[in-house]
Amino acid sequence: MTEAQPRLSVLIPNWNGAAHLPTCFDALARQTYPNIETILIDNASTDKSIPLTESRYPWVKILRLPENLGLTGALNRGIKIASGQIIAPLNNDTEVDDHWAEALVHALQSRPEAGMAASKMLLFDRRDTIHSAGDAFGENGIPINRGVWQKDEGQFDNDTFIFGGCGGAVAYRRTMLDKIGGFDEDLFMYCEDVDLNWRAQLAGYRCVFAPDAVVYHKLSATGGGTIASYFTGRNTIFVLAKSVPGAVWRAHWRKIIGAQLKIAWDALRAWRGEAARARLRGQLAGVLGVAHWLTKRKRIQATKTVPDAYLKSLLEK
């Protein structure tokens with residue numbers, strides 16, 4: 001491991017994703033960057049994920065978990081055994097460009113003030129369409145996939161610093177994770193990246209956008225539906241309670257509360273739909289659990305090292 005070519009540890013959480021792993025692994029095998037470690041963190045899969053990996057991809061390290069610990073639990077355990085100076089979570093339903101790893105490392109080396117580097121995620125089956133040019137965060141408290149559904153015409157390629165990276169394909173400096181901590185396992189899945197982005201920004205770590213770190217994503221191939229609706233509804237409220245800075249709340253509390261009420265109203269109007277009911281259940285669980293998350297808030301907000309004006313500047317109108 002050298003300073004010129006730091007090791008990049010790619011962490012792939014997996015639960016019964018055998019159908020997606022060959023595409024993911026084959027792309028990683030083609031990387032132009034030479035110093036990569038690939039770790040499959042398996043959440044007690046019952047399909048052929050492990051035997052497939054062992055037989056066809058012996059260079060992939062496998063961490064077998066005895067039960068499904070969710071995305072957050074899997075990633076935290078992967079971080080513990082990873083040897084890289086840079087930690088790169090990657091969804092198992094992706095195909096990375098050959099220069100993906102090289103671009104992420106270059107972005108971080110070029111911007112020492114950055115603790116994170118965000119990939120450009122495009123749709124797997126429509127490779128000219130953006131899924132995420134990194135993450136943004138709205139004044140109304142809603143996380144945003146920058147450029148989602150837009151045709152990729154390079155409109156984001158000159159951006160340098162953004163709010164954060166989408167957790168499906170992002171790179172973190174290990175030194176940053178050592179300081180701010182890993183993923184909050186109480187979230188289990190969804191919005192875990194938003195929570196980490198806020199904690200990083202509070203502690204003074206910026207996020208650089210790496211437009212050449214291209215990833216093709218099979219949208220909702222391993223998630224989505226009612227599961228996504230429930231956890232997004234719940235975890236958005238948890239992150240608002242725990243990690244969104246006081247300066248943001250003071251400036252935009254009407255918009256934040258109004259957005260949650262609108263989501264609930266829209267879900268009530270679509271009550272016959274399973275996803276709408278799941279979103280409402282998630283919001284209810286979020287409200288009922290707020291007290292626990294407010295106890296975490298004091299510790300997280302105490303890590304703030306940047307001015308309020310900077311934190312407010314991160315928001316999208």
# chains A, B, ... in the order shown; residues from 1 in each chain; ligands from 1
call {"tool": "residues_around", "arguments": {"residues": "Leu122 of chain A", "least_positions_apart": "4", "cutoff": "6 Å", "atoms": "only C-alpha atoms", "output": "list in words"}}
result
Arg127, Thr129, Ile130, His131 and Tyr216 of chain A
call {"tool": "write_last_selection", "arguments": {"atoms": "C-alpha atoms", "output": "short mmCIF file (atom, residue, chain, number, x, y, z; two decimals), in the first residue's frame"}}
result
data_model
loop_
_atom_site.label_atom_id
_atom_site.label_comp_id
_atom_site.auth_asym_id
_atom_site.auth_seq_id
_atom_site.Cartn_x
_atom_site.Cartn_y
_atom_site.Cartn_z
CA ARG A 127 -27.03 4.27 -20.02
CA THR A 129 -29.89 8.53 -18.08
CA ILE A 130 -28.78 9.68 -14.63
CA HIS A 131 -29.83 7.94 -11.45
CA TYR A 216 -24.52 1.51 -14.10
#
call {"tool": "closest_atom_pairs", "arguments": {"of": "segment 189-227 of chain A", "to": "segment 274-281 of chain A", "cutoff": "9 Å", "atoms": "only C-alpha atoms", "output": "Markdown table"}}
result
| residue | atom | partner | partner_atom | distance |
| --- | --- | --- | --- | --- |
| A:Gly225 | CA | A:Ala275 | CA | 6.3 |
| A:Thr226 | CA | A:Ala275 | CA | 4.7 |
| A:Ile227 | CA | A:Ala278 | CA | 7.5 |
call {"tool": "residues_around", "arguments": {"residues": "segment 255-260 of chain A", "least_positions_apart": "3", "cutoff": "9 Å", "atoms": "only C-alpha atoms", "output": "JSON, numbers by chain"}}
result
{"A": [138, 139, 140, 141, 142, 233, 237, 240, 249, 252, 263, 264, 265, 283]}
call {"tool": "residues_around", "arguments": {"residues": "Trp59 of chain A", "least_positions_apart": "2", "cutoff": "12 Å", "atoms": "only C-alpha atoms", "output": "list in words"}}
result
Phe25, Asp26, Leu28, Ala29, Ile36, Glu37, Thr38, Ile39, Leu40, Thr53, Glu54, Ser55, Arg56, Tyr57, Lys61 and Ile62 of chain A
call {"tool": "write_last_selection", "arguments": {"atoms": "C-alpha atoms", "output": "mmCIF file, in the first residue's frame"}}
result
data_model
loop_
_atom_site.group_PDB
_atom_site.id
_atom_site.type_symbol
_atom_site.label_atom_id
_atom_site.label_comp_id
_atom_site.auth_asym_id
_atom_site.auth_seq_id
_atom_site.Cartn_x
_atom_site.Cartn_y
_atom_site.Cartn_z
ATOM 1 C CA PHE A 25 -17.480 -8.903 -10.110
ATOM 2 C CA ASP A 26 -16.571 -9.055 -13.801
ATOM 3 C CA LEU A 28 -14.345 -5.024 -10.862
ATOM 4 C CA ALA A 29 -11.921 -7.491 -12.433
ATOM 5 C CA ILE A 36 -8.128 -3.007 -5.029
ATOM 6 C CA GLU A 37 -9.500 -5.334 -2.397
ATOM 7 C CA THR A 38 -12.999 -6.721 -2.979
ATOM 8 C CA ILE A 39 -15.065 -8.000 -0.051
ATOM 9 C CA LEU A 40 -18.475 -9.645 -0.327
ATOM 10 C CA THR A 53 -18.278 -16.483 -5.570
ATOM 11 C CA GLU A 54 -15.970 -19.181 -4.238
ATOM 12 C CA SER A 55 -15.899 -21.132 -7.500
ATOM 13 C CA ARG A 56 -15.761 -18.329 -10.066
ATOM 14 C CA TYR A 57 -14.195 -15.405 -8.190
ATOM 15 C CA LYS A 61 -12.898 -12.125 0.065
ATOM 16 C CA ILE A 62 -16.102 -13.389 1.667
#
call {"tool": "residues_around", "arguments": {"residues": "Lys298 of chain A", "least_positions_apart": "6", "cutoff": "12 Å", "atoms": "only C-alpha atoms", "output": "VMD selection string"}}
result
chain A and resid 241 to 246 291 to 292 304
call {"tool": "write_last_selection", "arguments": {"atoms": "C-alpha atoms", "output": "compact mmCIF listing (two decimals), in the first residue's frame"}}
result
# COMPACT_ATOMS: atom_id res chain seq x y z
CA ALA A 241 -34.30 14.25 14.31
CA LYS A 242 -30.70 13.16 14.70
CA SER A 243 -28.37 14.64 12.13
CA VAL A 244 -29.87 17.66 10.35
CA PRO A 245 -28.17 20.72 11.87
CA GLY A 246 -29.98 23.19 14.08
CA ALA A 291 -37.37 10.35 21.38
CA HIS A 292 -34.63 7.75 20.93
CA LYS A 304 -19.89 20.50 14.47
call {"tool": "residues_around", "arguments": {"residues": "Ala203 of chain A", "least_positions_apart": "6", "cutoff": "8 Å", "atoms": "only C-alpha atoms", "output": "PDB file with C-alpha atoms, in the first residue's frame"}}
result
ATOM      1  CA  ILE A 180     -17.151  10.187  12.693  1.00  0.00           C
ATOM      2  CA  THR A 303     -19.140  17.353  16.527  1.00  0.00           C
ATOM      3  CA  LYS A 304     -19.890  20.495  14.470  1.00  0.00           C
ATOM      4  CA  THR A 305     -16.737  22.318  13.356  1.00  0.00           C
ATOM      5  CA  VAL A 306     -18.114  24.404  10.458  1.00  0.00           C
TER       6      VAL A 306
END
call {"tool": "select_by_dssp", "arguments": {"residues": "segment 21-166 of chain A", "states": "alpha helix (DSSP H)", "output": "number ranges by chain"}}
result
A: 21-29, 49-56, 70-81, 100-110
call {"tool": "write_last_selection", "arguments": {"atoms": "C-alpha atoms", "output": "short mmCIF file (atom, residue, chain, number, x, y, z; two decimals), in the first residue's frame"}}
result
data_model
loop_
_atom_site.label_atom_id
_atom_site.label_comp_id
_atom_site.auth_asym_id
_atom_site.auth_seq_id
_atom_site.Cartn_x
_atom_site.Cartn_y
_atom_site.Cartn_z
CA LEU A 21 -22.88 -10.85 -8.71
CA PRO A 22 -21.22 -12.00 -11.98
CA THR A 23 -21.86 -8.63 -13.65
CA CYS A 24 -20.62 -6.78 -10.58
CA PHE A 25 -17.48 -8.90 -10.11
CA ASP A 26 -16.57 -9.06 -13.80
CA ALA A 27 -16.55 -5.26 -13.94
CA LEU A 28 -14.35 -5.02 -10.86
CA ALA A 29 -11.92 -7.49 -12.43
CA SER A 49 -24.18 -16.39 -3.73
CA ILE A 50 -21.35 -17.92 -1.71
CA PRO A 51 -20.65 -21.04 -3.79
CA LEU A 52 -20.77 -18.96 -6.97
CA THR A 53 -18.28 -16.48 -5.57
CA GLU A 54 -15.97 -19.18 -4.24
CA SER A 55 -15.90 -21.13 -7.50
CA ARG A 56 -15.76 -18.33 -10.07
CA GLY A 70 -29.14 -5.15 6.95
CA LEU A 71 -27.10 -2.85 4.77
CA THR A 72 -25.71 -0.88 7.70
CA GLY A 73 -24.69 -3.90 9.76
CA ALA A 74 -23.06 -5.56 6.77
CA LEU A 75 -21.06 -2.46 5.83
CA ASN A 76 -19.85 -1.83 9.36
CA ARG A 77 -18.54 -5.37 9.63
CA GLY A 78 -16.92 -5.05 6.22
CA ILE A 79 -15.20 -1.83 7.28
CA LYS A 80 -13.71 -3.64 10.29
CA ILE A 81 -11.94 -6.26 8.18
CA TRP A 100 -14.32 3.76 -11.76
CA ALA A 101 -11.87 2.97 -8.97
CA GLU A 102 -9.10 5.05 -10.52
CA ALA A 103 -11.42 8.05 -10.80
CA LEU A 104 -12.54 7.83 -7.18
CA VAL A 105 -8.99 7.61 -5.86
CA HIS A 106 -7.88 10.48 -8.09
CA ALA A 107 -10.76 12.66 -6.90
CA LEU A 108 -9.80 12.17 -3.25
CA GLN A 109 -6.11 12.67 -3.90
CA SER A 110 -6.84 15.88 -5.79
#
call {"tool": "residues_around", "arguments": {"residues": "segment 162-179 of chain A", "least_positions_apart": "3", "cutoff": "6 Å", "atoms": "only C-alpha atoms", "output": "ChimeraX atom specification"}}
result
/A:85-91,115-119,134-136,182,193,197,207,314
call {"tool": "select_by_dssp", "arguments": {"residues": "segment 45-246 of chain A", "states": "strand (DSSP E or B)", "output": "VMD selection string"}}
result
chain A and resid 61 to 65 86 to 90 94 to 96 114 to 123 129 to 132 135 to 138 143 to 145 151 161 to 162 164 169 to 173 206 to 217
call {"tool": "atom_distance", "arguments": {"atom1": "atom CA of Gly84 of chain A", "atom2": "atom CA of Asp97 of chain A"}}
result
20.3 Å
call {"tool": "closest_residue", "arguments": {"among": "A:Phe124, A:Tyr310, A:Trp149, A:Phe231", "to": "Arg206 of chain A", "atoms": "only C-alpha atoms"}}
result
A:Tyr310
call {"tool": "atom_distance", "arguments": {"atom1": "atom CA of Ala251 of chain A", "atom2": "atom CA of Leu311 of chain A"}}
result
11.1 Å
call {"tool": "closest_residue", "arguments": {"among": "A:Ala210, A:Ala285, A:Val96, A:Leu196", "to": "Arg30 of chain A", "atoms": "only C-alpha atoms"}}
result
A:Val96
call {"tool": "atom_distance", "arguments": {"atom1": "atom CA of Gly154 of chain A", "atom2": "atom CA of Ala133 of chain A"}}
result
10.1 Å
call {"tool": "closest_residue", "arguments": {"among": "A:Arg7, A:Arg297, A:Lys120, A:Lys312", "to": "His217 of chain A", "atoms": "only C-alpha atoms"}}
result
A:Lys120
